[in-house]
file final-v7.tsv (TSV, C-alpha atoms and all ligand atoms)
chain	number	residue	atom	x	y	z
A	1	MET	CA	4.40	37.05	37.66
A	2	GLU	CA	5.99	40.32	38.69
A	3	ARG	CA	6.87	43.46	36.78
A	4	THR	CA	9.85	45.73	37.36
A	5	PHE	CA	11.06	49.05	36.03
A	6	ILE	CA	14.51	48.91	34.41
A	7	ALA	CA	16.12	51.95	32.80
A	8	VAL	CA	19.38	52.49	30.96
A	9	LYS	CA	20.60	55.78	32.44
A	10	PRO	CA	21.97	58.63	30.30
A	11	ASP	CA	25.58	57.40	30.68
A	12	GLY	CA	24.57	53.89	29.59
A	13	VAL	CA	22.76	55.30	26.56
A	14	GLN	CA	25.70	57.53	25.59
A	15	ARG	CA	28.11	54.62	25.98
A	16	GLY	CA	26.06	52.51	23.59
A	17	LEU	CA	25.00	49.92	26.18
A	18	CYS	CA	21.20	49.78	25.60
A	19	GLY	CA	21.47	46.66	23.46
A	20	GLU	CA	23.84	44.88	25.86
A	21	ILE	CA	21.62	45.60	28.87
A	22	MET	CA	18.42	44.65	27.06
A	23	LYS	CA	20.07	41.46	25.80
A	24	ARG	CA	20.78	40.28	29.33
A	25	PHE	CA	17.10	40.51	30.30
A	26	GLU	CA	16.00	38.87	27.06
A	27	HIS	CA	18.49	36.03	27.43
A	28	ARG	CA	17.57	35.39	31.05
A	29	GLY	CA	14.04	34.71	29.86
A	30	PHE	CA	12.20	37.83	30.91
A	31	LYS	CA	9.41	39.35	28.86
A	32	LEU	CA	9.45	42.96	27.69
A	33	VAL	CA	5.99	44.50	28.17
A	34	ALA	CA	6.73	48.22	27.66
A	35	ALA	CA	9.65	50.34	26.45
A	36	LYS	CA	10.40	53.88	25.39
A	37	PHE	CA	13.35	56.15	24.67
A	38	VAL	CA	12.82	59.37	26.61
A	39	GLN	CA	14.41	62.57	27.79
A	40	ALA	CA	13.34	62.95	31.43
A	41	SER	CA	13.02	66.37	33.07
A	42	GLU	CA	14.82	67.18	36.30
A	43	ASP	CA	11.39	67.44	37.99
A	44	HIS	CA	10.48	63.95	36.84
A	45	MET	CA	13.77	62.61	38.23
A	46	LYS	CA	13.16	64.41	41.53
A	47	LYS	CA	9.89	62.48	41.82
A	48	HIS	CA	11.55	59.22	40.83
A	49	TYR	CA	14.27	59.61	43.48
A	50	LEU	CA	12.09	61.30	46.15
A	51	ASP	CA	13.19	58.83	48.84
A	52	LEU	CA	16.78	60.08	48.40
A	53	LYS	CA	15.92	63.79	48.74
A	54	ASP	CA	18.02	64.23	51.90
A	55	LYS	CA	21.16	62.65	50.43
A	56	PRO	CA	24.04	64.98	49.52
A	57	PHE	CA	24.14	63.56	45.99
A	58	TYR	CA	20.37	64.07	45.30
A	59	ALA	CA	20.67	67.27	43.22
A	60	GLY	CA	23.60	65.94	41.19
A	61	LEU	CA	21.80	62.64	40.68
A	62	CYS	CA	18.66	64.32	39.30
A	63	LYS	CA	20.80	66.50	37.02
A	64	TYR	CA	22.77	63.52	35.70
A	65	MET	CA	19.57	61.55	35.09
A	66	SER	CA	18.09	64.40	33.04
A	67	ALA	CA	21.32	65.20	31.14
A	68	GLY	CA	20.47	62.92	28.21
A	69	PRO	CA	18.05	60.30	26.96
A	70	ILE	CA	17.04	57.28	29.01
A	71	PHE	CA	15.89	53.90	27.68
A	72	ALA	CA	12.97	53.00	29.97
A	73	MET	CA	11.58	49.47	30.10
A	74	VAL	CA	9.16	47.27	32.01
A	75	TRP	CA	10.14	43.60	32.28
A	76	GLU	CA	7.93	40.75	33.47
A	77	GLY	CA	8.73	37.34	34.93
A	78	GLN	CA	8.90	35.12	37.98
A	79	ASN	CA	10.76	36.81	40.87
A	80	MET	CA	11.33	39.68	38.46
A	81	VAL	CA	12.13	42.39	41.02
A	82	LYS	CA	14.67	40.36	42.99
A	83	LEU	CA	16.33	38.82	39.94
A	84	GLY	CA	16.45	42.19	38.17
A	85	ARG	CA	18.35	43.65	41.13
A	86	MET	CA	20.72	40.67	41.19
A	87	MET	CA	21.44	41.14	37.49
A	88	LEU	CA	22.25	44.83	38.08
A	89	GLY	CA	24.76	44.18	40.86
A	90	GLU	CA	25.40	46.50	43.80
A	91	THR	CA	24.73	50.26	43.74
A	92	ASN	CA	28.50	50.80	43.82
A	93	PRO	CA	30.07	49.11	40.78
A	94	ALA	CA	33.20	48.58	42.91
A	95	ASP	CA	31.18	46.12	45.04
A	96	SER	CA	29.45	44.47	42.06
A	97	LYS	CA	30.54	40.98	41.08
A	98	PRO	CA	31.73	40.19	37.57
A	99	GLY	CA	28.78	38.80	35.63
A	100	THR	CA	26.47	41.56	36.84
A	101	ILE	CA	25.69	44.52	34.59
A	102	ARG	CA	27.40	47.06	36.85
A	103	GLY	CA	30.20	44.62	37.66
A	104	ASP	CA	30.97	44.17	33.97
A	105	LEU	CA	30.27	47.56	32.42
A	106	CYS	CA	30.97	50.48	34.78
A	107	VAL	CA	33.25	51.62	37.61
A	108	ASN	CA	31.80	54.69	39.38
A	109	ILE	CA	28.85	54.87	41.82
A	110	GLY	CA	27.66	58.17	40.31
A	111	ARG	CA	27.72	56.73	36.77
A	112	ASN	CA	26.36	53.24	37.28
A	113	ILE	CA	24.51	53.06	33.90
A	114	VAL	CA	21.31	51.28	34.91
A	115	HIS	CA	18.34	51.56	37.26
A	116	GLY	CA	16.19	48.73	38.62
A	117	SER	CA	13.32	48.80	41.14
A	118	ASP	CA	14.36	47.44	44.55
A	119	THR	CA	11.03	46.17	45.93
A	120	LEU	CA	7.71	45.06	44.47
A	121	GLU	CA	6.03	48.09	46.02
A	122	ASN	CA	8.57	50.52	44.50
A	123	ALA	CA	8.38	48.67	41.18
A	124	LYS	CA	4.62	49.36	41.02
A	125	MET	CA	5.16	53.03	41.86
A	126	GLU	CA	7.96	53.45	39.33
A	127	VAL	CA	6.09	51.64	36.55
A	128	ASP	CA	3.13	54.00	37.15
A	129	LEU	CA	5.39	57.06	37.23
A	130	TRP	CA	7.05	56.24	33.90
A	131	PHE	CA	4.31	54.50	31.87
A	132	LYS	CA	0.66	55.02	31.01
A	133	ALA	CA	-1.70	52.03	30.78
A	134	GLU	CA	-1.91	52.33	26.97
A	135	GLU	CA	1.88	52.03	26.62
A	136	PHE	CA	1.83	48.34	27.62
A	137	VAL	CA	1.74	45.67	24.94
A	138	THR	CA	-0.23	42.49	25.58
A	139	TYR	CA	1.12	39.41	23.84
A	140	THR	CA	2.17	35.82	24.49
A	141	SER	CA	5.89	35.13	24.25
A	142	CYS	CA	6.67	31.96	22.28
A	143	GLU	CA	9.29	31.16	24.97
A	144	GLN	CA	6.75	31.10	27.79
A	145	ALA	CA	5.95	27.39	27.61
A	146	TRP	CA	9.65	26.46	27.84
A	147	LEU	CA	10.62	28.88	30.59
A	148	TYR	CA	8.13	27.81	33.25
A	149	GLU	CA	6.81	24.45	34.37
B	1	LIG	P1	20.26	51.79	43.39
B	1	LIG	O1	20.26	52.52	42.07
B	1	LIG	O2	21.22	50.63	43.37
B	1	LIG	O3	18.89	51.39	43.84
B	1	LIG	P2	20.13	53.93	45.39
B	1	LIG	O4	20.72	53.86	46.74
B	1	LIG	O5	18.66	53.85	45.25
B	1	LIG	O6	20.85	52.78	44.50
B	1	LIG	O7	20.66	55.26	44.71
B	1	LIG	C1	20.12	55.69	43.48
B	1	LIG	C2	21.23	56.16	42.60
B	1	LIG	O8	21.87	57.28	43.20
B	1	LIG	C3	22.37	55.16	42.36
B	1	LIG	O9	22.07	54.21	41.36
B	1	LIG	C4	23.47	56.09	41.93
B	1	LIG	O10	23.28	56.52	40.57
B	1	LIG	C5	23.24	57.29	42.83
B	1	LIG	N1	24.06	57.22	44.05
B	1	LIG	C6	23.88	56.43	45.13
B	1	LIG	N2	24.83	56.62	46.05
B	1	LIG	C7	25.63	57.59	45.55
B	1	LIG	C8	26.80	58.25	46.03
B	1	LIG	O11	27.30	57.98	47.13
B	1	LIG	N3	27.34	59.19	45.22
B	1	LIG	C9	26.83	59.52	44.00
B	1	LIG	N4	25.74	58.93	43.51
B	1	LIG	C10	25.14	57.97	44.27
B	2	MG	MG	17.26	52.54	44.45
call {"tool": "encode", "arguments": {"input": "final-v7.tsv", "output": "structure tokens"}}
result
Amino acid sequence: MERTFIAVKPDGVQRGLCGEIMKRFEHRGFKLVAAKFVQASEDHMKKHYLDLKDKPFYAGLCKYMSAGPIFAMVWEGQNMVKLGRMMLGETNPADSKPGTIRGDLCVNIGRNIVHGSDTLENAKMEVDLWFKAEEFVTYTSCEQAWLYE
């Protein structure tokens, strides 16, 4: 089992899309293991997006991501990181296929409503950056036995 960090960005929250985005992960069969509704600081977002620090859009990105509340989640499942990214679609919504979250719900690369970890290594780092150990809930999903053989 893998874990990934998924977050509804401030534009997704303001547009009332938390439920829709969460629903897609629930319906796919993934298990929610941590979640919180937070206002992130610009400093926190600078850490989160450190690998993009040399990009021209870095400052604007960190500002946008701290401009309103974020719905932060950790989801668990088989191939979670890869499948989470596939569900999101491409970074640019214009390249995202219908059926993906970005392909269905947004149009602009700078307002692409949702974040998802891109590799298992980054997923671990992001989960640690956003959540403390005591924020995880341990439970058995009643779906588990019917989702996996
Ligand atoms: P990802 O979110 O699909 O992993 P990254 O390349 O990691 O994409 O970029 C992080 C975020 O930075 C994107 O989701 C988007 O919000 C923003 N971003 C990426 N490229 C651009 C751009 O060319 N202009 C404005 N914002 C961008
Ligand atoms: Mg990324």
call {"tool": "atom_distance", "arguments": {"input": "final-v7.tsv", "atom1": "CA of Lys124 in chain A", "atom2": "CA of Val74 in chain A"}}
result
10.3 Å
call {"tool": "residues_near_ligand", "arguments": {"input": "final-v7.tsv", "ligand": "ligand MG 2 (chain B)", "cutoff": "12 Å", "atoms": "all atoms listed in the file", "output": "ChimeraX atom specification"}}
result
/A:5-7,48-52,58,61,81,85,88-92,112,114-119,122-123,126
call {"tool": "write_last_selection", "arguments": {"input": "final-v7.tsv", "atoms": "C-alpha atoms", "output": "tab-separated table (two decimals), in the frame of the given file"}}
result
chain	number	residue	atom	x	y	z
A	5	PHE	CA	11.06	49.05	36.03
A	6	ILE	CA	14.51	48.91	34.41
A	7	ALA	CA	16.12	51.95	32.80
A	48	HIS	CA	11.55	59.22	40.83
A	49	TYR	CA	14.27	59.61	43.48
A	50	LEU	CA	12.09	61.30	46.15
A	51	ASP	CA	13.19	58.83	48.84
A	52	LEU	CA	16.78	60.08	48.40
A	58	TYR	CA	20.37	64.07	45.30
A	61	LEU	CA	21.80	62.64	40.68
A	81	VAL	CA	12.13	42.39	41.02
A	85	ARG	CA	18.35	43.65	41.13
A	88	LEU	CA	22.25	44.83	38.08
A	89	GLY	CA	24.76	44.18	40.86
A	90	GLU	CA	25.40	46.50	43.80
A	91	THR	CA	24.73	50.26	43.74
A	92	ASN	CA	28.50	50.80	43.82
A	112	ASN	CA	26.36	53.24	37.28
A	114	VAL	CA	21.31	51.28	34.91
A	115	HIS	CA	18.34	51.56	37.26
A	116	GLY	CA	16.19	48.73	38.62
A	117	SER	CA	13.32	48.80	41.14
A	118	ASP	CA	14.36	47.44	44.55
A	119	THR	CA	11.03	46.17	45.93
A	122	ASN	CA	8.57	50.52	44.50
A	123	ALA	CA	8.38	48.67	41.18
A	126	GLU	CA	7.96	53.45	39.33
call {"tool": "closest_residue", "arguments": {"input": "final-v7.tsv", "among": "A:Met1, A:Thr100, A:Asn108, A:Arg28", "to": "Glu143 in chain A", "atoms": "all atoms listed in the file"}}
result
A:Arg28
call {"tool": "closest_residue", "arguments": {"input": "final-v7.tsv", "among": "A:Glu42, A:Asp104, A:Asp54, A:Glu121", "to": "Glu20 in chain A", "atoms": "all atoms listed in the file"}}
result
A:Asp104
call {"tool": "closest_residue", "arguments": {"input": "final-v7.tsv", "among": "A:Gln144, A:Met86, A:Asn79, A:Leu120", "to": "Arg24 in chain A", "atoms": "all atoms listed in the file"}}
result
A:Met86
call {"tool": "atom_distance", "arguments": {"input": "final-v7.tsv", "atom1": "CA of Gly99 in chain A", "atom2": "CA of Met87 in chain A"}}
result
7.9 Å
call {"tool": "closest_residue", "arguments": {"input": "final-v7.tsv", "among": "A:Met125, A:Val8, A:Val33, A:Ala133", "to": "ligand LIG 1 (chain B)", "atoms": "all atoms listed in the file"}}
result
A:Val8
call {"tool": "residues_around", "arguments": {"input": "final-v7.tsv", "residues": "Lys36 in chain A", "least_positions_apart": "6", "cutoff": "8 Å", "atoms": "all atoms listed in the file", "output": "list in words"}}
result
Phe71, Ala72 and Met73 of chain A
call {"tool": "atom_distance", "arguments": {"input": "final-v7.tsv", "atom1": "CA of Gly29 in chain A", "atom2": "CA of Leu83 in chain A"}}
result
11.1 Å
call {"tool": "closest_residue", "arguments": {"input": "final-v7.tsv", "among": "A:Val137, A:Ala40, A:Val13, A:Ala59", "to": "ligand LIG 1 (chain B)", "atoms": "only C-alpha atoms and all ligand atoms"}}
result
A:Ala59
call {"tool": "residues_near_point", "arguments": {"input": "final-v7.tsv", "point": "(16.0, 62.1, 25.8)", "cutoff": "6 Å", "atoms": "all atoms listed in the file", "output": "list in words"}}
result
Val38, Gln39, Gly68, Pro69 and Ile70 of chain A
call {"tool": "closest_residue", "arguments": {"input": "final-v7.tsv", "among": "A:Lys47, A:Lys31, A:Lys82, A:Lys9", "to": "ligand LIG 1 (chain B)", "atoms": "all atoms listed in the file"}}
result
A:Lys9
call {"tool": "residues_around", "arguments": {"input": "final-v7.tsv", "residues": "Gly103 in chain A", "least_positions_apart": "5", "cutoff": "7 Å", "atoms": "all atoms listed in the file", "output": "list in words"}}
result
Gly89, Pro93, Ser96, Lys97 and Pro98 of chain A
